[in-house]
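Source file: query-v2.tsv; contents: TSV, C-alpha atoms.
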chain	number	residue	atom	x	y	z
A	1	MET	CA	73.16	134.73	76.85
A	2	PHE	CA	73.45	136.12	80.35
A	3	MET	CA	71.58	133.13	81.77
A	4	LEU	CA	73.85	130.74	79.87
A	5	SER	CA	76.93	132.41	81.31
A	6	TYR	CA	75.56	131.96	84.84
A	7	LEU	CA	74.79	128.30	84.13
A	8	LEU	CA	78.26	127.63	82.71
A	9	ALA	CA	79.97	129.43	85.60
A	10	GLY	CA	77.87	127.54	88.14
A	11	ALA	CA	78.64	124.21	86.44
A	12	TYR	CA	82.37	124.99	86.45
A	13	ILE	CA	82.39	125.82	90.15
A	14	PHE	CA	80.35	122.70	90.89
A	15	VAL	CA	82.82	120.40	89.08
A	16	GLN	CA	85.85	121.89	90.84
A	17	ALA	CA	84.10	121.86	94.22
A	18	ALA	CA	83.07	118.23	93.70
A	19	TYR	CA	86.71	117.31	93.06
A	20	VAL	CA	87.76	119.03	96.29
A	21	PHE	CA	84.92	117.33	98.20
A	22	HIS	CA	85.97	113.84	97.08
A	23	TRP	CA	89.65	114.69	97.67
A	24	ARG	CA	88.91	115.50	101.29
A	25	ARG	CA	87.02	112.22	101.65
A	26	LEU	CA	89.92	110.24	100.15
A	27	PRO	CA	91.76	108.45	103.00
A	28	GLY	CA	95.41	109.34	103.39
A	29	ILE	CA	98.15	106.75	103.73
A	30	SER	CA	99.10	106.32	107.37
A	31	PRO	CA	102.75	106.47	108.51
A	32	VAL	CA	104.72	103.51	107.25
A	33	GLN	CA	105.04	100.58	109.66
A	34	ASN	CA	108.29	98.62	109.72
A	35	ASP	CA	106.50	95.28	109.48
A	36	VAL	CA	105.13	96.34	106.08
A	37	ASN	CA	108.62	96.57	104.58
A	38	THR	CA	108.84	92.84	103.90
A	39	LEU	CA	107.59	92.73	100.30
A	40	PRO	CA	110.01	92.19	97.38
A	41	VAL	CA	109.81	95.32	95.22
A	42	SER	CA	111.13	95.98	91.72
A	43	VAL	CA	111.56	99.54	90.45
A	44	ILE	CA	111.73	99.84	86.66
A	45	VAL	CA	113.12	102.90	84.89
A	46	ALA	CA	112.62	103.17	81.14
A	47	ALA	CA	115.18	105.67	79.87
A	48	ARG	CA	115.88	107.30	76.53
A	49	ASN	CA	118.37	110.16	76.09
A	50	GLU	CA	118.39	110.98	79.80
A	51	GLU	CA	122.11	111.47	80.48
A	52	ASN	CA	121.34	114.73	82.29
A	53	HIS	CA	118.89	113.11	84.72
A	54	ILE	CA	119.57	109.39	85.05
A	55	LEU	CA	122.19	109.67	87.81
A	56	ASP	CA	119.94	111.78	90.04
A	57	CYS	CA	117.06	109.40	89.42
A	58	LEU	CA	119.07	106.32	90.34
A	59	ALA	CA	120.65	108.01	93.37
A	60	SER	CA	117.16	108.67	94.72
A	61	LEU	CA	116.27	104.99	94.24
A	62	VAL	CA	119.45	103.68	95.83
A	63	ASN	CA	118.82	105.94	98.84
A	64	GLN	CA	115.25	104.80	99.53
A	65	SER	CA	114.32	103.99	103.12
A	66	TYR	CA	113.02	100.59	101.98
A	67	PRO	CA	115.23	97.59	102.93
A	68	GLU	CA	118.03	97.28	100.40
A	69	GLU	CA	117.79	93.48	100.18
A	70	LEU	CA	114.13	93.71	99.14
A	71	LEU	CA	114.51	96.47	96.55
A	72	GLU	CA	115.47	95.60	92.97
A	73	ILE	CA	116.36	98.46	90.61
A	74	ILE	CA	116.18	97.89	86.84
A	75	VAL	CA	117.02	100.36	84.07
A	76	VAL	CA	115.97	99.60	80.50
A	77	ASP	CA	117.72	101.82	77.98
A	78	ASP	CA	115.46	102.59	75.03
A	79	HIS	CA	117.92	103.03	72.14
A	80	SER	CA	119.48	106.15	73.67
A	81	GLU	CA	121.68	108.30	71.46
A	82	ASP	CA	123.66	109.71	74.37
A	83	ARG	CA	125.50	108.29	77.43
A	84	THR	CA	122.39	107.17	79.34
A	85	TYR	CA	123.31	103.47	79.24
A	86	GLU	CA	126.95	104.00	80.24
A	87	LEU	CA	126.09	106.33	83.13
A	88	ALA	CA	123.39	104.01	84.46
A	89	ALA	CA	125.74	101.05	84.36
A	90	LEU	CA	128.28	102.93	86.48
A	91	GLN	CA	125.83	104.25	89.08
A	92	SER	CA	125.76	101.33	91.53
A	93	PRO	CA	126.23	97.56	91.57
A	94	ARG	CA	122.66	97.40	92.88
A	95	VAL	CA	121.33	98.69	89.54
A	96	LYS	CA	120.64	96.19	86.76
A	97	VAL	CA	120.92	97.79	83.33
A	98	PHE	CA	119.53	96.38	80.08
A	99	SER	CA	119.54	97.75	76.54
A	100	LEU	CA	116.72	97.22	74.06
A	101	GLU	CA	119.23	97.80	71.29
A	102	LYS	CA	121.53	95.04	72.52
A	103	GLU	CA	118.54	92.76	73.06
A	104	ARG	CA	117.41	93.56	69.48
A	105	ILE	CA	114.01	94.72	70.64
A	106	GLU	CA	112.11	97.53	68.93
A	107	GLY	CA	112.20	100.85	70.75
A	108	GLY	CA	109.40	102.56	72.61
A	109	LYS	CA	108.57	103.16	76.25
A	110	LYS	CA	105.93	100.43	76.30
A	111	ASN	CA	108.42	97.85	75.04
A	112	ALA	CA	110.99	99.02	77.59
A	113	LEU	CA	108.54	98.71	80.49
A	114	ARG	CA	107.27	95.36	79.25
A	115	PHE	CA	110.84	94.05	78.99
A	116	GLY	CA	111.79	95.41	82.40
A	117	THR	CA	108.74	93.85	84.03
A	118	ALA	CA	109.59	90.49	82.46
A	119	LYS	CA	113.12	90.73	83.86
A	120	SER	CA	112.00	91.78	87.34
A	121	SER	CA	111.41	89.47	90.30
A	122	GLY	CA	109.43	91.65	92.73
A	123	HIS	CA	105.85	91.04	93.83
A	124	TRP	CA	105.21	94.81	93.83
A	125	ILE	CA	106.42	96.73	90.77
A	126	ILE	CA	107.02	100.48	90.58
A	127	THR	CA	107.68	102.39	87.37
A	128	VAL	CA	109.60	105.66	87.56
A	129	ASP	CA	110.46	108.07	84.75
A	130	ALA	CA	114.17	108.64	84.23
A	131	ASP	CA	113.83	112.40	84.61
A	132	CYS	CA	112.25	112.06	88.06
A	133	THR	CA	113.55	111.51	91.57
A	134	LEU	CA	111.66	109.77	94.37
A	135	ASN	CA	111.55	111.13	97.90
A	136	PRO	CA	113.24	108.69	100.32
A	137	GLU	CA	109.97	107.32	101.76
A	138	ALA	CA	108.18	106.96	98.40
A	139	VAL	CA	108.71	103.21	97.93
A	140	SER	CA	107.74	102.41	101.52
A	141	ALA	CA	104.60	104.57	101.23
A	142	SER	CA	103.63	102.81	98.01
A	143	VAL	CA	103.94	99.40	99.67
A	144	GLN	CA	102.02	100.76	102.67
A	145	ALA	CA	99.16	101.74	100.34
A	146	HIS	CA	99.13	98.20	98.94
A	147	HIS	CA	98.88	96.72	102.44
A	148	GLN	CA	96.63	99.32	104.03
A	149	ALA	CA	94.00	99.65	101.30
A	150	GLY	CA	94.48	96.39	99.43
A	151	TYR	CA	95.22	98.25	96.21
A	152	LYS	CA	96.45	96.25	93.23
A	153	LEU	CA	97.49	99.47	91.50
A	154	VAL	CA	98.53	102.75	93.08
A	155	THR	CA	99.30	105.95	91.22
A	156	GLY	CA	101.53	108.28	93.19
A	157	PRO	CA	101.93	112.07	93.26
A	158	VAL	CA	104.20	113.57	90.60
A	159	LEU	CA	105.09	117.18	91.34
A	160	ILE	CA	107.36	120.05	90.33
A	161	GLU	CA	108.99	121.55	93.42
A	162	LYS	CA	111.31	124.16	91.88
A	163	ALA	CA	109.91	126.77	89.52
A	164	GLU	CA	111.83	129.84	88.38
A	165	THR	CA	109.98	131.13	85.31
A	166	PRO	CA	106.28	131.95	84.82
A	167	LEU	CA	105.86	128.88	82.58
A	168	GLU	CA	107.45	126.66	85.23
A	169	ASP	CA	105.23	128.26	87.90
A	170	PHE	CA	102.20	127.38	85.84
A	171	GLN	CA	103.29	123.77	85.36
A	172	SER	CA	103.93	123.39	89.10
A	173	CYS	CA	100.45	124.69	89.96
A	174	GLU	CA	98.66	122.70	87.28
A	175	LEU	CA	100.42	119.43	88.07
A	176	ALA	CA	99.47	119.74	91.74
A	177	GLY	CA	95.87	120.34	90.67
A	178	LEU	CA	95.99	117.30	88.39
A	179	MET	CA	97.15	115.17	91.31
A	180	LEU	CA	94.11	116.27	93.31
A	181	ILE	CA	91.86	115.48	90.34
A	182	THR	CA	93.51	112.07	89.98
A	183	GLY	CA	92.94	111.17	93.62
A	184	SER	CA	89.37	112.49	93.53
A	185	GLY	CA	88.66	110.44	90.42
A	186	TYR	CA	89.44	107.22	92.30
A	187	GLN	CA	87.48	108.26	95.38
A	188	SER	CA	84.40	109.28	93.40
A	189	GLY	CA	84.62	106.48	90.85
A	190	TRP	CA	84.52	109.02	88.01
A	191	HIS	CA	87.76	107.95	86.32
A	192	ALA	CA	91.04	106.09	86.85
A	193	LEU	CA	93.90	108.37	85.80
A	194	ALA	CA	97.54	107.43	86.23
A	195	ASN	CA	101.04	108.78	85.72
A	196	GLY	CA	103.81	106.36	84.76
A	197	ALA	CA	106.36	108.65	86.43
A	198	PHE	CA	105.35	107.04	89.74
A	199	LEU	CA	103.04	104.08	89.22
A	200	SER	CA	102.91	100.91	91.35
A	201	PHE	CA	101.09	97.67	90.73
A	202	GLU	CA	100.90	94.05	91.82
A	203	ARG	CA	102.61	91.61	89.48
A	204	ASN	CA	99.67	89.17	89.51
A	205	ALA	CA	97.25	91.96	88.56
A	206	TYR	CA	99.57	93.08	85.76
A	207	ASP	CA	99.79	89.54	84.39
A	208	ALA	CA	96.02	89.16	84.57
A	209	VAL	CA	95.31	92.13	82.30
A	210	GLN	CA	98.16	91.90	79.83
A	211	ARG	CA	97.06	91.28	76.26
A	212	GLU	CA	99.65	90.73	73.56
A	213	GLY	CA	99.93	93.89	71.49
A	214	ALA	CA	97.19	95.69	73.44
A	215	HIS	CA	97.29	99.44	72.72
A	216	ASP	CA	100.64	99.13	70.96
A	217	GLN	CA	99.30	101.36	68.18
A	218	TYR	CA	99.32	104.32	70.58
A	219	ALA	CA	102.65	105.97	71.37
A	220	SER	CA	101.48	107.06	74.80
A	221	GLY	CA	99.11	105.83	77.48
A	222	ASP	CA	100.84	102.78	78.97
A	223	ASP	CA	99.97	104.13	82.43
A	224	MET	CA	96.35	105.10	81.75
A	225	PHE	CA	95.49	101.92	79.86
A	226	LEU	CA	97.00	99.77	82.60
A	227	ALA	CA	95.10	101.60	85.35
A	228	GLU	CA	91.84	101.29	83.42
A	229	ALA	CA	92.43	97.59	82.72
A	230	ILE	CA	93.21	96.73	86.36
A	231	GLU	CA	90.25	98.76	87.62
A	232	THR	CA	88.01	96.87	85.18
A	233	GLU	CA	89.40	93.49	86.23
A	234	PHE	CA	89.56	94.32	89.96
A	235	PRO	CA	86.89	96.98	90.66
A	236	GLY	CA	87.66	99.24	93.60
A	237	GLN	CA	91.20	97.91	94.02
A	238	THR	CA	93.02	100.80	92.37
A	239	GLY	CA	93.77	104.07	94.10
A	240	PHE	CA	95.89	107.13	94.68
A	241	LEU	CA	98.81	107.47	97.10
A	242	LYS	CA	97.55	110.39	99.18
A	243	HIS	CA	100.63	111.32	101.16
A	244	PRO	CA	101.95	114.87	101.74
A	245	THR	CA	105.63	114.09	101.10
A	246	ALA	CA	105.97	110.71	99.34
A	247	ARG	CA	106.20	111.73	95.70
A	248	ALA	CA	108.10	111.75	92.45
A	249	VAL	CA	109.72	115.10	91.69
A	250	THR	CA	109.96	115.97	88.02
A	251	GLN	CA	111.29	118.83	85.95
A	252	ALA	CA	109.14	121.48	84.27
A	253	GLU	CA	109.28	121.68	80.49
A	254	PRO	CA	111.75	124.46	79.67
A	255	ASP	CA	109.82	126.25	76.91
A	256	TRP	CA	106.39	126.63	75.38
A	257	ASN	CA	107.03	124.25	72.44
A	258	SER	CA	108.26	121.46	74.73
A	259	PHE	CA	105.27	121.96	76.99
A	260	LEU	CA	102.79	121.74	74.13
A	261	ARG	CA	104.47	118.57	72.81
A	262	GLN	CA	104.10	117.01	76.26
A	263	ARG	CA	100.43	117.95	76.52
A	264	LYS	CA	99.72	116.66	73.01
A	265	ARG	CA	101.31	113.37	74.01
A	266	TRP	CA	99.12	113.21	77.11
A	267	ALA	CA	95.99	114.06	75.13
A	268	SER	CA	96.71	111.65	72.28
A	269	LYS	CA	95.45	108.53	74.09
A	270	ASN	CA	92.45	109.93	75.96
A	271	ARG	CA	89.93	109.30	73.21
A	272	HIS	CA	90.86	105.59	73.29
A	273	LEU	CA	90.03	105.11	76.98
A	274	LYS	CA	86.89	103.06	77.60
A	275	ASN	CA	85.74	105.37	80.40
A	276	LYS	CA	84.56	108.51	78.61
A	277	ARG	CA	83.83	110.58	81.72
A	278	ILE	CA	87.27	112.16	81.76
A	279	ASN	CA	86.86	113.17	78.12
A	280	LEU	CA	83.51	114.77	78.96
A	281	ILE	CA	85.07	116.70	81.85
A	282	TRP	CA	88.05	117.85	79.79
A	283	GLY	CA	85.71	118.62	76.89
A	284	PHE	CA	83.74	120.85	79.23
A	285	GLN	CA	87.00	122.57	80.21
A	286	TRP	CA	87.69	123.25	76.53
A	287	VAL	CA	84.17	124.57	75.88
A	288	TYR	CA	84.42	126.83	78.94
A	289	SER	CA	87.81	128.19	77.82
A	290	MET	CA	86.41	128.86	74.36
A	291	ALA	CA	83.35	130.62	75.79
A	292	LEU	CA	85.58	132.68	78.07
A	293	CYS	CA	87.71	133.89	75.14
A	294	MET	CA	84.62	134.61	73.04
A	295	GLY	CA	83.17	136.59	75.94
A	296	LEU	CA	86.37	138.64	76.19
A	297	PHE	CA	86.31	139.35	72.46
A	298	ALA	CA	82.63	140.31	72.53
A	299	SER	CA	83.09	142.60	75.55
A	300	LEU	CA	85.85	144.48	73.71
A	301	PHE	CA	84.25	144.84	70.30
A	302	LEU	CA	80.47	144.37	70.61
A	303	PRO	CA	77.84	146.51	72.34
A	304	GLY	CA	75.15	145.19	74.65
A	305	GLY	CA	76.75	144.47	77.99
A	306	TRP	CA	78.91	141.55	76.90
A	307	TRP	CA	81.43	142.61	79.54
A	308	MET	CA	79.01	141.24	82.17
A	309	VAL	CA	78.96	137.83	80.47
A	310	PHE	CA	82.77	137.80	80.45
A	311	LEU	CA	83.06	138.85	84.09
A	312	VAL	CA	80.56	136.19	85.25
A	313	MET	CA	82.47	133.43	83.45
A	314	LEU	CA	85.84	134.76	84.60
A	315	ALA	CA	84.60	134.82	88.19
A	316	GLY	CA	83.31	131.25	87.85
A	317	LYS	CA	86.68	130.04	86.64
A	318	TRP	CA	88.65	131.92	89.26
A	319	ILE	CA	86.45	130.72	92.13
A	320	GLY	CA	86.52	127.09	91.00
A	321	ASP	CA	90.25	127.02	90.27
A	322	LEU	CA	91.19	128.88	93.45
A	323	LEU	CA	89.27	126.34	95.50
A	324	LEU	CA	90.97	123.41	93.79
A	325	LEU	CA	94.51	124.78	93.59
A	326	ARG	CA	94.65	126.06	97.15
A	327	SER	CA	93.54	122.64	98.41
A	328	ALA	CA	96.15	120.85	96.28
A	329	LEU	CA	99.08	123.17	97.00
A	330	SER	CA	98.32	123.24	100.71
A	331	PHE	CA	98.22	119.44	100.99
A	332	PHE	CA	101.44	118.91	99.03
A	333	ARG	CA	103.16	121.73	100.95
A	334	LEU	CA	103.85	123.88	97.91
A	335	LYS	CA	103.68	127.64	98.03
A	336	PHE	CA	100.64	129.54	96.82
A	337	SER	CA	100.55	133.13	95.66
A	338	PHE	CA	97.84	135.01	93.86
A	339	ALA	CA	100.38	136.19	91.27
A	340	ARG	CA	101.24	132.54	90.45
A	341	PHE	CA	97.55	131.79	90.25
A	342	LEU	CA	96.88	134.58	87.71
A	343	ILE	CA	99.80	133.44	85.54
A	344	ALA	CA	98.52	129.87	85.68
A	345	GLU	CA	95.05	130.96	84.60
A	346	ILE	CA	96.38	132.70	81.48
A	347	PHE	CA	98.62	129.81	80.45
A	348	GLN	CA	95.92	127.21	81.08
A	349	VAL	CA	93.21	128.77	78.92
A	350	THR	CA	95.70	129.26	76.08
A	351	TYR	CA	97.07	125.72	76.01
A	352	ILE	CA	93.67	124.05	76.54
A	353	LEU	CA	92.39	125.78	73.41
A	354	ILE	CA	95.49	124.90	71.36
A	355	VAL	CA	95.58	121.24	72.37
A	356	GLY	CA	91.79	120.98	72.06
A	357	PHE	CA	91.88	122.19	68.46
A	358	TRP	CA	94.74	119.76	67.79
A	359	VAL	CA	92.66	116.84	69.11
A	360	LEU	CA	89.51	117.93	67.26
A	361	SER	CA	91.47	118.14	64.00
A	362	GLY	CA	92.42	114.48	64.39
A	363	GLY	CA	95.78	115.03	66.06
A	364	GLY	CA	98.90	114.62	64.00
A	365	THR	CA	102.61	114.19	64.53
A	366	TYR	CA	104.81	115.54	67.29
A	367	ARG	CA	108.39	114.92	68.38
A	368	TRP	CA	109.27	113.17	71.62
A	369	LYS	CA	112.70	112.04	72.81
A	370	GLY	CA	114.08	112.59	69.32
A	371	ARG	CA	111.36	110.51	67.67
A	372	ARG	CA	108.54	111.66	65.43
A	373	VAL	CA	105.31	110.24	66.77
A	374	GLN	CA	101.98	109.89	64.95
Write-out of the structure in C-alpha cells:
Amino acid sequence: MFMLSYLLAGAYIFVQAAYVFHWRRLPGISPVQNDVNTLPVSVIVAARNEENHILDCLASLVNQSYPEELLEIIVVDDHSEDRTYELAALQSPRVKVFSLEKERIEGGKKNALRFGTAKSSGHWIITVDADCTLNPEAVSASVQAHHQAGYKLVTGPVLIEKAETPLEDFQSCELAGLMLITGSGYQSGWHALANGAFLSFERNAYDAVQREGAHDQYASGDDMFLAEAIETEFPGQTGFLKHPTARAVTQAEPDWNSFLRQRKRWASKNRHLKNKRINLIWGFQWVYSMALCMGLFASLFLPGGWWMVFLVMLAGKWIGDLLLLRSALSFFRLKFSFARFLIAEIFQVTYILIVGFWVLSGGGTYRWKGRRVQ
C-alpha cells in the first residue's frame, strides 16, 4: 500500500509538471499590429435571463480597441423571462438584437449560437457569454492569433478577477489552472478543450464541420464539440490565446449548489467527446481524490501507519497543484496566497468526488437558466 501511494503521488506530480512544461513551450501571442485589424469580425452573444449582466457585456464589446467599422455585435435572446431583450436593444445602435421567441425557433444555447452565426457577416466569429466582459484588446488579440499562428479556432482565457468569499477564491484559482491545462492540451496534442465564453473561429472552418443536428441531444458542449471537430478536420490549426491580459472576465457562482450545477453541466458532455484522453486524465483526478479521502479515513481510524500513506498522497497533490497554480496565476497576473491555495484544495477534492459519482451513476437532471436539463 505504501508503494502504491508513492506511485500515485509520483504520477500526479508528473501530470501536473507535464502540463506546466507544455504551457511554457506554448508560444504567446505577440503585441497586436495595426495592419492585422483589417478582418471583418462578428461577436455573437447568446443570452438567457441575463438582465443583470447584459449591459456590462455589451459595453465591453462596444468599447473594444478593434476598428468599429469592422466589428459586428449580435445578441440572440434565448426565450428570456426577464428584461434581457429590452436592455440589449437599448444598449447601442451598433448592437443587432434577435429573439428566438419572435423567430419561432426552439430555445437552447446551441440554437441561439447557430442562429446568430447564420445572421452574422464576419469572416472571424467570436462567441461571448452574456455574463462575461471582454478586456478592450481581446478581439484584436484573437484576430492576431488567427494571423500569427494560422489558427482556424482559438479558445481564449476566461478568468474570475474579483473574489470575496472562500468559494469564489477557489473558483478563481481553479479557472486559472484550467486555462493553463487548456493551453497545454493544444501544445502537447493531448486534448482540444474550449470555453464558449470566449471562443473564436473562422467562418469557413465552422461551415466545413457543421452537421445538421450534430450533438443536439446534449444540452452542453457546443464549444468542446466544435473545437474537436475543427481540430479533426484541420489538424494543428486550433490553439489557445496565450496572452497575459486579453481575456473574458466572468463571475463566480454565488453558492455551492450553483457551482455544482455548473460543474455537472460541464461534465455532462465529456463522455461523448471522441478524444478520450481528457476523460482518462480527469478520471485519474477522481481516483486520486478518492484515494486521498480513503487514506485520511484510514489514518484516523485504522492502525498500521496509514497516516504515512495519507501524508505521501497529500504531499503529491500539494506539490503538483502548487506548481500548476503558481504558473497559471503568475502568468495571468492574479494574486497567489497559500491560504487561497489551501481553501482551493479542500473545495476541489470535495466537488471532484461529488461530480464524479454523479457521472458514474449515469448523470441525471439539473437546472440551468431556469430550465431542467437531462
Among listed residues A:Trp23, A:Val43, A:Ala291, A:Asp82, nearest Thr182 in chain A (using all atoms listed in the file):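 The closest residue to Thr182 in chain A is A:Trp23.
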Option closest in space to Tyr288 in chain A, from A:Glu174, A:Gly10, A:Arg203, A:Pro244 [counting only C-alpha atoms]: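 So, comparing all the options, the nearest one is A:Gly10.
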Distance CA of Asn195 in chain A-CA of Gly107 in chain A, one decimal place? 20.3 Å
Is it possible to get the residues within 10 Å of (118.9, 104.5, 78.3) (coordinates as in the file, counting all atoms listed in the file) written as a PDB file with C-alpha atoms, in the coordinates of the input?
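Dumped everything to selection39.pdb:
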ATOM      1  CA  VAL A  45     113.120 102.900  84.890  1.00  0.00           C
ATOM      2  CA  ALA A  46     112.620 103.170  81.140  1.00  0.00           C
ATOM      3  CA  ALA A  47     115.180 105.670  79.870  1.00  0.00           C
ATOM      4  CA  ARG A  48     115.880 107.300  76.530  1.00  0.00           C
ATOM      5  CA  ASN A  49     118.370 110.160  76.090  1.00  0.00           C
ATOM      6  CA  GLU A  50     118.390 110.980  79.800  1.00  0.00           C
ATOM      7  CA  GLU A  51     122.110 111.470  80.480  1.00  0.00           C
ATOM      8  CA  ILE A  54     119.570 109.390  85.050  1.00  0.00           C
ATOM      9  CA  VAL A  75     117.020 100.360  84.070  1.00  0.00           C
ATOM     10  CA  VAL A  76     115.970  99.600  80.500  1.00  0.00           C
ATOM     11  CA  ASP A  77     117.720 101.820  77.980  1.00  0.00           C
ATOM     12  CA  ASP A  78     115.460 102.590  75.030  1.00  0.00           C
ATOM     13  CA  HIS A  79     117.920 103.030  72.140  1.00  0.00           C
ATOM     14  CA  SER A  80     119.480 106.150  73.670  1.00  0.00           C
ATOM     15  CA  GLU A  81     121.680 108.300  71.460  1.00  0.00           C
ATOM     16  CA  ASP A  82     123.660 109.710  74.370  1.00  0.00           C
ATOM     17  CA  ARG A  83     125.500 108.290  77.430  1.00  0.00           C
ATOM     18  CA  THR A  84     122.390 107.170  79.340  1.00  0.00           C
ATOM     19  CA  TYR A  85     123.310 103.470  79.240  1.00  0.00           C
ATOM     20  CA  GLU A  86     126.950 104.000  80.240  1.00  0.00           C
ATOM     21  CA  LEU A  87     126.090 106.330  83.130  1.00  0.00           C
ATOM     22  CA  ALA A  88     123.390 104.010  84.460  1.00  0.00           C
ATOM     23  CA  ALA A  89     125.740 101.050  84.360  1.00  0.00           C
ATOM     24  CA  VAL A  97     120.920  97.790  83.330  1.00  0.00           C
ATOM     25  CA  PHE A  98     119.530  96.380  80.080  1.00  0.00           C
ATOM     26  CA  SER A  99     119.540  97.750  76.540  1.00  0.00           C
ATOM     27  CA  LEU A 100     116.720  97.220  74.060  1.00  0.00           C
ATOM     28  CA  GLU A 101     119.230  97.800  71.290  1.00  0.00           C
ATOM     29  CA  ALA A 112     110.990  99.020  77.590  1.00  0.00           C
ATOM     30  CA  ALA A 130     114.170 108.640  84.230  1.00  0.00           C
TER      31      ALA A 130
END
Can you pull out the residues contacting Val154 in chain A? Cut-off 9 Å, using all atoms listed in the file, and skip same-chain residues under 3 positions away; I want them as a list in words. Ser142, Ala145, His146, Tyr151, Ala194, Phe198, Leu199, Ser200, Phe201, Ala227, Gln237, Thr238, Gly239, Phe240 and Leu241 of chain A
By how many Å are CA of Asn37 in chain A and CA of Tyr66 in chain A apart?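 Spanning CA of Asn37 in chain A to CA of Tyr66 in chain A is a straight-line distance of 6.5 Å.
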Excluding same-chain residues fewer than 2 positions from Glu345 in chain A, what lies within 9 Å of it counting all atoms listed in the file, as a ChimeraX atom specification? /A:170,317-318,321,340-343,347-350
Please indicate the distance in Å from CA of Ala344 in chain A to CA of Lys264 in chain A, rounded to one decimal place.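 Answer for the CA of Ala344 in chain A to CA of Lys264 in chain A separation: 18.3 Å.
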Which residue is closest to Glu253 in chain A? Choose from A:Ala118, A:Leu167, A:Leu178, A:Leu61 and count all atoms listed in the file.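 Checking each of A:Ala118, A:Leu167, A:Leu178, A:Leu61 against Glu253 in chain A, counting all atoms listed in the file, the winner is A:Leu167.
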In the coordinate frame of the file, compute which residues have an atom within 12 Å of (98.7, 108.8, 107.9) when using all atoms listed in the file, and state them as number ranges by chain. A: 26-33, 141, 144-145, 148, 241-246
Tell me, as a list in words, which residues lie within 8 Å of Leu175 in chain A, counting all atoms listed in the file; anything in the same chain fewer than 3 positions away does not count.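 Skipping anything fewer than 3 positions along the chain leaves Val158, Leu159, Ile160, Gln171, Ser172, Leu178 and Met179 of chain A.
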